[in-house]
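**Q** Data: target25.pdb, PDB, N, CA and C atoms.
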```pdb
ATOM      1  N   MET A   1      -1.414  11.507 -18.673
ATOM      2  CA  MET A   1      -2.559  11.622 -19.547
ATOM      3  C   MET A   1      -3.678  10.758 -18.968
ATOM      4  N   LYS A   2      -4.841  11.353 -18.766
ATOM      5  CA  LYS A   2      -5.990  10.645 -18.214
ATOM      6  C   LYS A   2      -6.873  10.195 -19.367
ATOM      7  N   ILE A   3      -7.228   8.929 -19.366
ATOM      8  CA  ILE A   3      -8.068   8.355 -20.416
ATOM      9  C   ILE A   3      -9.431   8.075 -19.810
ATOM     10  N   ALA A   4     -10.489   8.543 -20.453
ATOM     11  CA  ALA A   4     -11.839   8.270 -19.969
ATOM     12  C   ALA A   4     -12.169   6.795 -20.196
ATOM     13  N   ARG A   5     -13.008   6.252 -19.326
ATOM     14  CA  ARG A   5     -13.336   4.827 -19.394
ATOM     15  C   ARG A   5     -13.976   4.418 -20.715
ATOM     16  N   ASN A   6     -14.821   5.271 -21.278
ATOM     17  CA  ASN A   6     -15.587   4.899 -22.465
ATOM     18  C   ASN A   6     -14.932   5.313 -23.777
ATOM     19  N   GLU A   7     -13.726   5.870 -23.717
ATOM     20  CA  GLU A   7     -13.007   6.220 -24.951
ATOM     21  C   GLU A   7     -12.368   4.958 -25.535
ATOM     22  N   PRO A   8     -12.064   4.972 -26.832
ATOM     23  CA  PRO A   8     -11.352   3.834 -27.417
ATOM     24  C   PRO A   8      -9.981   3.670 -26.758
ATOM     25  N   CYS A   9      -9.567   2.435 -26.602
ATOM     26  CA  CYS A   9      -8.295   2.155 -25.941
ATOM     27  C   CYS A   9      -7.137   2.663 -26.800
ATOM     28  N   PRO A  10      -6.141   3.315 -26.200
ATOM     29  CA  PRO A  10      -5.011   3.830 -26.982
ATOM     30  C   PRO A  10      -4.110   2.740 -27.558
ATOM     31  N   CYS A  11      -4.321   1.486 -27.185
ATOM     32  CA  CYS A  11      -3.484   0.419 -27.740
ATOM     33  C   CYS A  11      -3.852   0.108 -29.187
ATOM     34  N   GLY A  12      -5.012   0.616 -29.649
ATOM     35  CA  GLY A  12      -5.409   0.419 -31.030
ATOM     36  C   GLY A  12      -6.279  -0.799 -31.260
ATOM     37  N   SER A  13      -6.810  -1.397 -30.207
ATOM     38  CA  SER A  13      -7.623  -2.595 -30.372
ATOM     39  C   SER A  13      -9.037  -2.278 -30.864
ATOM     40  N   GLY A  14      -9.477  -1.027 -30.695
ATOM     41  CA  GLY A  14     -10.824  -0.645 -31.090
ATOM     42  C   GLY A  14     -11.859  -0.909 -30.005
ATOM     43  N   ILE A  15     -11.444  -1.496 -28.894
ATOM     44  CA  ILE A  15     -12.339  -1.774 -27.772
ATOM     45  C   ILE A  15     -12.290  -0.591 -26.810
ATOM     46  N   LYS A  16     -13.358  -0.410 -26.029
ATOM     47  CA  LYS A  16     -13.356   0.649 -25.025
ATOM     48  C   LYS A  16     -12.234   0.390 -24.021
ATOM     49  N   TYR A  17     -11.697   1.498 -23.505
ATOM     50  CA  TYR A  17     -10.584   1.427 -22.567
ATOM     51  C   TYR A  17     -10.943   0.604 -21.331
ATOM     52  N   LYS A  18     -12.191   0.733 -20.841
ATOM     53  CA  LYS A  18     -12.584   0.010 -19.625
ATOM     54  C   LYS A  18     -12.608  -1.498 -19.828
ATOM     55  N   LYS A  19     -12.810  -1.963 -21.055
ATOM     56  CA  LYS A  19     -12.829  -3.396 -21.332
ATOM     57  C   LYS A  19     -11.462  -3.939 -21.735
ATOM     58  N   CYS A  20     -10.553  -3.044 -22.102
ATOM     59  CA  CYS A  20      -9.270  -3.481 -22.650
ATOM     60  C   CYS A  20      -8.124  -3.337 -21.640
ATOM     61  N   HIS A  21      -7.742  -2.116 -21.287
ATOM     62  CA  HIS A  21      -6.544  -1.907 -20.485
ATOM     63  C   HIS A  21      -6.789  -1.146 -19.188
ATOM     64  N   LEU A  22      -7.998  -1.006 -18.714
ATOM     65  CA  LEU A  22      -8.248  -0.316 -17.452
ATOM     66  C   LEU A  22      -7.631  -1.115 -16.308
ATOM     67  N   GLY A  23      -6.739  -0.496 -15.570
ATOM     68  CA  GLY A  23      -6.064  -1.164 -14.463
ATOM     69  C   GLY A  23      -4.835  -1.947 -14.873
ATOM     70  N   LYS A  24      -4.512  -1.970 -16.162
ATOM     71  CA  LYS A  24      -3.337  -2.686 -16.657
ATOM     72  C   LYS A  24      -2.447  -1.694 -17.387
ATOM     73  N   PRO A  25      -1.138  -1.940 -17.414
ATOM     74  CA  PRO A  25      -0.257  -1.022 -18.151
ATOM     75  C   PRO A  25      -0.476  -1.157 -19.655
ATOM     76  N   LEU A  26      -0.416  -0.038 -20.325
ATOM     77  CA  LEU A  26      -0.533  -0.036 -21.789
ATOM     78  C   LEU A  26       0.750  -0.572 -22.404
ATOM     79  N   PRO A  27       0.708  -1.041 -23.645
ATOM     80  CA  PRO A  27       1.933  -1.525 -24.294
ATOM     81  C   PRO A  27       2.994  -0.426 -24.331
ATOM     82  N   GLY A  28       4.207  -0.764 -23.952
ATOM     83  CA  GLY A  28       5.291   0.203 -23.918
ATOM     84  C   GLY A  28       5.458   0.855 -22.555
ATOM     85  N   GLU A  29       4.515   0.659 -21.667
ATOM     86  CA  GLU A  29       4.623   1.202 -20.317
ATOM     87  C   GLU A  29       4.995   0.075 -19.370
ATOM     88  N   GLU A  30       5.910   0.369 -18.437
ATOM     89  CA  GLU A  30       6.270  -0.630 -17.433
ATOM     90  C   GLU A  30       5.381  -0.432 -16.226
ATOM     91  N   SER A  31       4.965  -1.508 -15.643
ATOM     92  CA  SER A  31       4.131  -1.435 -14.453
ATOM     93  C   SER A  31       4.995  -1.022 -13.268
ATOM     94  N   ASP A  32       4.752   0.160 -12.704
ATOM     95  CA  ASP A  32       5.523   0.654 -11.577
ATOM     96  C   ASP A  32       5.238  -0.163 -10.325
ATOM     97  N   ALA A  33       4.017  -0.678 -10.169
ATOM     98  CA  ALA A  33       3.653  -1.430  -8.964
ATOM     99  C   ALA A  33       4.465  -2.717  -8.881
ATOM    100  N   ASP A  34       4.618  -3.439  -9.992
ATOM    101  CA  ASP A  34       5.371  -4.687  -9.978
ATOM    102  C   ASP A  34       6.842  -4.428  -9.677
ATOM    103  N   ALA A  35       7.394  -3.372 -10.259
ATOM    104  CA  ALA A  35       8.797  -3.065 -10.033
ATOM    105  C   ALA A  35       9.035  -2.637  -8.593
ATOM    106  N   SER A  36       8.141  -1.856  -8.009
ATOM    107  CA  SER A  36       8.350  -1.371  -6.646
ATOM    108  C   SER A  36       8.210  -2.502  -5.638
ATOM    109  N   VAL A  37       7.306  -3.455  -5.881
ATOM    110  CA  VAL A  37       7.145  -4.570  -4.950
ATOM    111  C   VAL A  37       8.402  -5.423  -4.942
ATOM    112  N   SER A  38       8.945  -5.751  -6.105
ATOM    113  CA  SER A  38      10.148  -6.573  -6.137
ATOM    114  C   SER A  38      11.341  -5.817  -5.557
ATOM    115  N   ASP A  39      11.409  -4.503  -5.759
ATOM    116  CA  ASP A  39      12.482  -3.710  -5.166
ATOM    117  C   ASP A  39      12.358  -3.682  -3.652
ATOM    118  N   ASP A  40      11.119  -3.578  -3.127
ATOM    119  CA  ASP A  40      10.913  -3.570  -1.685
ATOM    120  C   ASP A  40      11.320  -4.894  -1.071
ATOM    121  N   VAL A  41      10.932  -5.995  -1.692
ATOM    122  CA  VAL A  41      11.295  -7.323  -1.180
ATOM    123  C   VAL A  41      12.805  -7.494  -1.223
ATOM    124  N   GLN A  42      13.427  -7.068  -2.294
ATOM    125  CA  GLN A  42      14.877  -7.184  -2.421
ATOM    126  C   GLN A  42      15.592  -6.351  -1.369
ATOM    127  N   SER A  43      15.085  -5.140  -1.082
ATOM    128  CA  SER A  43      15.736  -4.297  -0.081
ATOM    129  C   SER A  43      15.578  -4.881   1.318
ATOM    130  N   VAL A  44      14.441  -5.518   1.593
ATOM    131  CA  VAL A  44      14.244  -6.130   2.910
ATOM    132  C   VAL A  44      15.172  -7.326   3.070
ATOM    133  N   LEU A  45      15.277  -8.157   2.048
ATOM    134  CA  LEU A  45      16.122  -9.347   2.146
ATOM    135  C   LEU A  45      17.607  -9.014   2.150
ATOM    136  N   SER A  46      17.987  -7.847   1.650
ATOM    137  CA  SER A  46      19.399  -7.478   1.653
ATOM    138  C   SER A  46      19.816  -6.820   2.965
ATOM    139  N   ASP A  47      18.874  -6.549   3.871
ATOM    140  CA  ASP A  47      19.183  -5.949   5.162
ATOM    141  C   ASP A  47      19.897  -6.984   6.036
ATOM    142  N   ARG A  48      21.016  -6.608   6.611
ATOM    143  CA  ARG A  48      21.820  -7.522   7.423
ATOM    144  C   ARG A  48      21.068  -8.007   8.662
ATOM    145  N   ARG A  49      20.239  -7.143   9.262
ATOM    146  CA  ARG A  49      19.501  -7.552  10.461
ATOM    147  C   ARG A  49      18.488  -8.641  10.134
ATOM    148  N   VAL A  50      17.836  -8.527   8.969
ATOM    149  CA  VAL A  50      16.870  -9.550   8.565
ATOM    150  C   VAL A  50      17.602 -10.860   8.272
ATOM    151  N   GLN A  51      18.733 -10.787   7.601
ATOM    152  CA  GLN A  51      19.517 -11.988   7.326
ATOM    153  C   GLN A  51      19.981 -12.650   8.616
ATOM    154  N   LEU A  52      20.420 -11.845   9.586
ATOM    155  CA  LEU A  52      20.853 -12.386  10.864
ATOM    156  C   LEU A  52      19.683 -13.038  11.600
ATOM    157  N   ALA A  53      18.511 -12.413  11.570
ATOM    158  CA  ALA A  53      17.332 -12.985  12.228
ATOM    159  C   ALA A  53      16.941 -14.315  11.590
ATOM    160  N   ILE A  54      17.065 -14.426  10.272
ATOM    161  CA  ILE A  54      16.740 -15.683   9.591
ATOM    162  C   ILE A  54      17.743 -16.775   9.966
ATOM    163  N   VAL A  55      19.027 -16.434   9.995
ATOM    164  CA  VAL A  55      20.058 -17.420  10.347
ATOM    165  C   VAL A  55      19.890 -17.875  11.791
ATOM    166  N   VAL A  56      19.634 -16.930  12.705
ATOM    167  CA  VAL A  56      19.424 -17.295  14.111
ATOM    168  C   VAL A  56      18.174 -18.168  14.240
ATOM    169  N   GLY A  57      17.121 -17.861  13.487
ATOM    170  CA  GLY A  57      15.908 -18.664  13.522
ATOM    171  C   GLY A  57      16.139 -20.084  13.053
ATOM    172  N   ILE A  58      16.943 -20.237  12.019
ATOM    173  CA  ILE A  58      17.276 -21.585  11.538
ATOM    174  C   ILE A  58      18.046 -22.350  12.616
ATOM    175  N   ALA A  59      19.002 -21.680  13.251
ATOM    176  CA  ALA A  59      19.781 -22.334  14.304
ATOM    177  C   ALA A  59      18.904 -22.708  15.489
ATOM    178  N   VAL A  60      18.009 -21.820  15.894
ATOM    179  CA  VAL A  60      17.126 -22.094  17.021
ATOM    180  C   VAL A  60      16.181 -23.251  16.694
ATOM    181  N   SER A  61      15.634 -23.271  15.490
ATOM    182  CA  SER A  61      14.701 -24.343  15.135
ATOM    183  C   SER A  61      15.419 -25.694  15.025
ATOM    184  N   ILE A  62      16.643 -25.704  14.526
ATOM    185  CA  ILE A  62      17.413 -26.956  14.484
ATOM    186  C   ILE A  62      17.716 -27.416  15.910
ATOM    187  N   GLY A  63      18.103 -26.464  16.757
ATOM    188  CA  GLY A  63      18.378 -26.816  18.153
ATOM    189  C   GLY A  63      17.140 -27.351  18.857
ATOM    190  N   ALA A  64      15.991 -26.729  18.637
ATOM    191  CA  ALA A  64      14.752 -27.222  19.244
ATOM    192  C   ALA A  64      14.380 -28.579  18.678
ATOM    193  N   GLY A  65      14.654 -28.799  17.402
ATOM    194  CA  GLY A  65      14.363 -30.091  16.796
ATOM    195  C   GLY A  65      15.221 -31.201  17.360
ATOM    196  N   VAL A  66      16.498 -30.917  17.616
ATOM    197  CA  VAL A  66      17.393 -31.922  18.185
ATOM    198  C   VAL A  66      17.035 -32.170  19.647
ATOM    199  N   TRP A  67      16.718 -31.107  20.381
ATOM    200  CA  TRP A  67      16.488 -31.222  21.817
ATOM    201  C   TRP A  67      15.125 -31.822  22.153
ATOM    202  N   ARG A  68      14.052 -31.355  21.432
ATOM    203  CA  ARG A  68      12.694 -31.765  21.800
ATOM    204  C   ARG A  68      11.983 -32.599  20.743
ATOM    205  N   GLY A  69      12.534 -32.731  19.579
ATOM    206  CA  GLY A  69      11.896 -33.537  18.544
ATOM    207  C   GLY A  69      11.677 -32.747  17.262
ATOM    208  N   THR A  70      11.466 -33.473  16.175
ATOM    209  CA  THR A  70      11.337 -32.857  14.855
ATOM    210  C   THR A  70      10.137 -31.926  14.771
ATOM    211  N   TYR A  71       8.993 -32.375  15.274
ATOM    212  CA  TYR A  71       7.778 -31.561  15.198
ATOM    213  C   TYR A  71       7.958 -30.232  15.933
ATOM    214  N   THR A  72       8.571 -30.254  17.090
ATOM    215  CA  THR A  72       8.811 -29.021  17.846
ATOM    216  C   THR A  72       9.742 -28.093  17.072
ATOM    217  N   GLY A  73      10.752 -28.654  16.441
ATOM    218  CA  GLY A  73      11.664 -27.840  15.632
ATOM    219  C   GLY A  73      10.953 -27.173  14.477
ATOM    220  N   ILE A  74      10.033 -27.890  13.832
ATOM    221  CA  ILE A  74       9.273 -27.314  12.720
ATOM    222  C   ILE A  74       8.361 -26.195  13.221
ATOM    223  N   VAL A  75       7.701 -26.411  14.349
ATOM    224  CA  VAL A  75       6.806 -25.389  14.910
ATOM    225  C   VAL A  75       7.595 -24.151  15.329
ATOM    226  N   VAL A  76       8.731 -24.356  15.980
ATOM    227  CA  VAL A  76       9.569 -23.225  16.395
ATOM    228  C   VAL A  76      10.072 -22.462  15.166
ATOM    229  N   GLY A  77      10.482 -23.174  14.133
ATOM    230  CA  GLY A  77      10.947 -22.511  12.910
ATOM    231  C   GLY A  77       9.853 -21.715  12.233
ATOM    232  N   ALA A  78       8.635 -22.275  12.181
ATOM    233  CA  ALA A  78       7.516 -21.556  11.567
ATOM    234  C   ALA A  78       7.153 -20.312  12.374
ATOM    235  N   ALA A  79       7.159 -20.444  13.705
ATOM    236  CA  ALA A  79       6.855 -19.283  14.550
ATOM    237  C   ALA A  79       7.930 -18.210  14.409
ATOM    238  N   TRP A  80       9.175 -18.628  14.347
ATOM    239  CA  TRP A  80      10.271 -17.671  14.185
ATOM    240  C   TRP A  80      10.155 -16.963  12.841
ATOM    241  N   LEU A  81       9.862 -17.713  11.783
ATOM    242  CA  LEU A  81       9.712 -17.113  10.458
ATOM    243  C   LEU A  81       8.559 -16.114  10.429
ATOM    244  N   LEU A  82       7.450 -16.457  11.059
ATOM    245  CA  LEU A  82       6.323 -15.540  11.136
ATOM    246  C   LEU A  82       6.712 -14.261  11.877
ATOM    247  N   GLY A  83       7.460 -14.405  12.950
ATOM    248  CA  GLY A  83       7.919 -13.231  13.699
ATOM    249  C   GLY A  83       8.861 -12.365  12.883
ATOM    250  N   VAL A  84       9.773 -12.977  12.137
ATOM    251  CA  VAL A  84      10.708 -12.206  11.304
ATOM    252  C   VAL A  84       9.958 -11.468  10.202
ATOM    253  N   VAL A  85       8.981 -12.127   9.580
ATOM    254  CA  VAL A  85       8.192 -11.469   8.529
ATOM    255  C   VAL A  85       7.418 -10.284   9.108
ATOM    256  N   ALA A  86       6.813 -10.463  10.286
ATOM    257  CA  ALA A  86       6.080  -9.364  10.913
ATOM    258  C   ALA A  86       7.016  -8.223  11.271
ATOM    259  N   TRP A  87       8.152  -8.539  11.839
ATOM    260  CA  TRP A  87       9.116  -7.496  12.216
ATOM    261  C   TRP A  87       9.621  -6.744  10.976
ATOM    262  N   ALA A  88       9.956  -7.472   9.915
ATOM    263  CA  ALA A  88      10.463  -6.831   8.708
ATOM    264  C   ALA A  88       9.377  -6.000   8.031
ATOM    265  N   SER A  89       8.120  -6.409   8.171
ATOM    266  CA  SER A  89       7.033  -5.671   7.534
ATOM    267  C   SER A  89       6.709  -4.375   8.261
ATOM    268  N   PHE A  90       6.754  -4.420   9.594
ATOM    269  CA  PHE A  90       6.302  -3.275  10.377
ATOM    270  C   PHE A  90       7.414  -2.374  10.874
ATOM    271  N   ARG A  91       8.652  -2.662  10.541
ATOM    272  CA  ARG A  91       9.730  -1.820  11.049
ATOM    273  C   ARG A  91       9.852  -0.495  10.299
ATOM    274  N   ASN A  92       9.307  -0.426   9.096
ATOM    275  CA  ASN A  92       9.388   0.796   8.309
ATOM    276  C   ASN A  92       8.022   1.074   7.688
ATOM    277  N   PRO A  93       7.055   1.557   8.494
ATOM    278  CA  PRO A  93       5.710   1.771   7.948
ATOM    279  C   PRO A  93       5.671   2.975   7.010
ATOM    280  N   PRO A  94       4.683   3.030   6.122
ATOM    281  CA  PRO A  94       4.570   4.177   5.222
ATOM    282  C   PRO A  94       4.155   5.419   5.996
ATOM    283  N   PRO A  95       4.447   6.612   5.468
ATOM    284  CA  PRO A  95       4.059   7.835   6.163
ATOM    285  C   PRO A  95       2.540   7.993   6.171
ATOM    286  N   PRO A  96       1.999   8.710   7.162
ATOM    287  CA  PRO A  96       0.550   8.894   7.211
ATOM    288  C   PRO A  96       0.061   9.776   6.064
ATOM    289  N   ASN A  97      -1.186   9.583   5.692
ATOM    290  CA  ASN A  97      -1.798  10.362   4.620
ATOM    291  C   ASN A  97      -2.158  11.739   5.165
ATOM    292  N   PRO A  98      -1.639  12.830   4.578
ATOM    293  CA  PRO A  98      -1.944  14.168   5.108
ATOM    294  C   PRO A  98      -3.391  14.592   4.867
ATOM    295  N   ASP A  99      -4.073  13.996   3.897
ATOM    296  CA  ASP A  99      -5.454  14.375   3.593
ATOM    297  C   ASP A  99      -6.451  13.348   4.122
ATOM    298  N   ALA A 100      -6.124  12.703   5.220
ATOM    299  CA  ALA A 100      -6.981  11.638   5.733
ATOM    300  C   ALA A 100      -8.238  12.175   6.396
ATOM    301  N   GLY A 101      -8.258  13.451   6.761
ATOM    302  CA  GLY A 101      -9.425  13.998   7.442
ATOM    303  C   GLY A 101      -9.433  13.582   8.897
ATOM    304  N   ASP A 102     -10.616  13.495   9.475
ATOM    305  CA  ASP A 102     -10.763  13.113  10.873
ATOM    306  C   ASP A 102     -11.035  11.621  10.943
ATOM    307  N   PRO A 103     -10.069  10.818  11.387
ATOM    308  CA  PRO A 103     -10.297   9.379  11.382
ATOM    309  C   PRO A 103     -11.355   8.929  12.376
ATOM    310  N   ALA A 104     -11.668   9.758  13.366
ATOM    311  CA  ALA A 104     -12.671   9.378  14.360
ATOM    312  C   ALA A 104     -14.082   9.775  13.940
ATOM    313  N   ALA A 105     -14.211  10.509  12.851
ATOM    314  CA  ALA A 105     -15.524  10.993  12.425
ATOM    315  C   ALA A 105     -16.266   9.906  11.658
ATOM    316  N   LEU A 106     -17.504   9.706  12.023
ATOM    317  CA  LEU A 106     -18.386   8.803  11.287
ATOM    318  C   LEU A 106     -19.447   9.671  10.624
ATOM    319  N   ASN A 107     -19.241   9.979   9.378
ATOM    320  CA  ASN A 107     -20.130  10.920   8.699
ATOM    321  C   ASN A 107     -21.345  10.259   8.075
ATOM    322  N   PHE A 108     -21.325   8.962   7.896
ATOM    323  CA  PHE A 108     -22.433   8.218   7.326
ATOM    324  C   PHE A 108     -22.929   8.809   6.013
ATOM    325  N   GLY A 109     -22.003   9.187   5.135
ATOM    326  CA  GLY A 109     -22.360   9.653   3.806
ATOM    327  C   GLY A 109     -22.655  11.139   3.713
ATOM    328  N   ARG A 110     -22.656  11.866   4.814
ATOM    329  CA  ARG A 110     -22.907  13.313   4.750
ATOM    330  C   ARG A 110     -21.679  14.026   4.227
ATOM    331  N   ARG A 111     -21.918  15.040   3.428
ATOM    332  CA  ARG A 111     -20.834  15.834   2.885
ATOM    333  C   ARG A 111     -20.897  17.238   3.471
ATOM    334  N   ASP A 112     -20.366  17.402   4.638
ATOM    335  CA  ASP A 112     -20.394  18.708   5.330
ATOM    336  C   ASP A 112     -19.176  19.525   5.029
TER     337      ASP A 112
END
```
Kindly return the structure encoded in the file as structure tokens.
**A**
Amino acid sequence: MKIARNEPCPCGSGIKYKKCHLGKPLPGEESDADASVSDDVQSVLSDRRVQLAIVVGIAVSIGAGVWRGTYTGIVVGAAWLLGVVAWASFRNPPPPNPDAGDPAALNFGRRD
């Protein structure tokens, strides 16, 4: 159901929809975006390869800390964590948008 911005809000507050619940879930509706984000994070953290990369990173950073000093171990651990986050983020990209049009076209507002 599509609600116009200037109609009264269906929550019964008497305020216009744009001032009350525009962009927010109405009472009784669950926010799908919040649920999908937590499910995505949970699925990434439950992947055995990601868990193994985190454990290996901890071992490498502890080893670097013992061998070269505490500061080096912290830097190596932070770099490893950044690499694991990047790898986990980009290993399963979303599918391309089929209605994207010509990505190389610069139309400058023309509607041809």
**Q** What is the atom CA of A:Ile62 to atom C of A:Arg49 distance in Å?
**A**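 Atom C of A:Arg49 lies at a distance of 18.9 Å from atom CA of A:Ile62.
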**Q** Return as a list in words the set of residues that the PyMOL selection byres (((chain A and resi 88 and name CA) around 10) and name CA) yields on the displayed structure.
**A**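 With the shown file as input, the PyMOL selection byres (((chain A and resi 88 and name CA) around 10) and name CA) matches Val41, Val44, Leu45, Asp47, Arg49, Val50, Ala53, Leu82, Gly83, Val84, Val85, Ala86, Trp87, Ser89, Phe90, Arg91, Asn92 and Pro93 of chain A.
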**Q** Can you spell out as a PyMOL selection string the set of residues that the PyMOL selection byres ((chain A and resi 57-60) around 7) selects in the structure I just provided?
**A** chain A and resi 52-56+61-65+73+76-77+80-81
**Q** Please report the interatomic distance between atom N of A:Pro10 and atom N of A:Pro27 in Å with one decimal.
**A**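 Between atom N of A:Pro10 and atom N of A:Pro27 the gap is 8.5 Å.
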**Q** Residues near A:Arg5, anyone? I mean within 8 Å using only N, CA and C atoms, not counting same-chain ones fewer than 3 positions away, as a list in words.
**A** Lys2, Pro8, Cys9, Lys16, Tyr17, Lys18, Lys19 and Leu22 of chain A
**Q** Between atom N of A:Val75 and atom CA of A:Arg48, measure the distance and give it in Å to one decimal.
**A** 24.6 Å
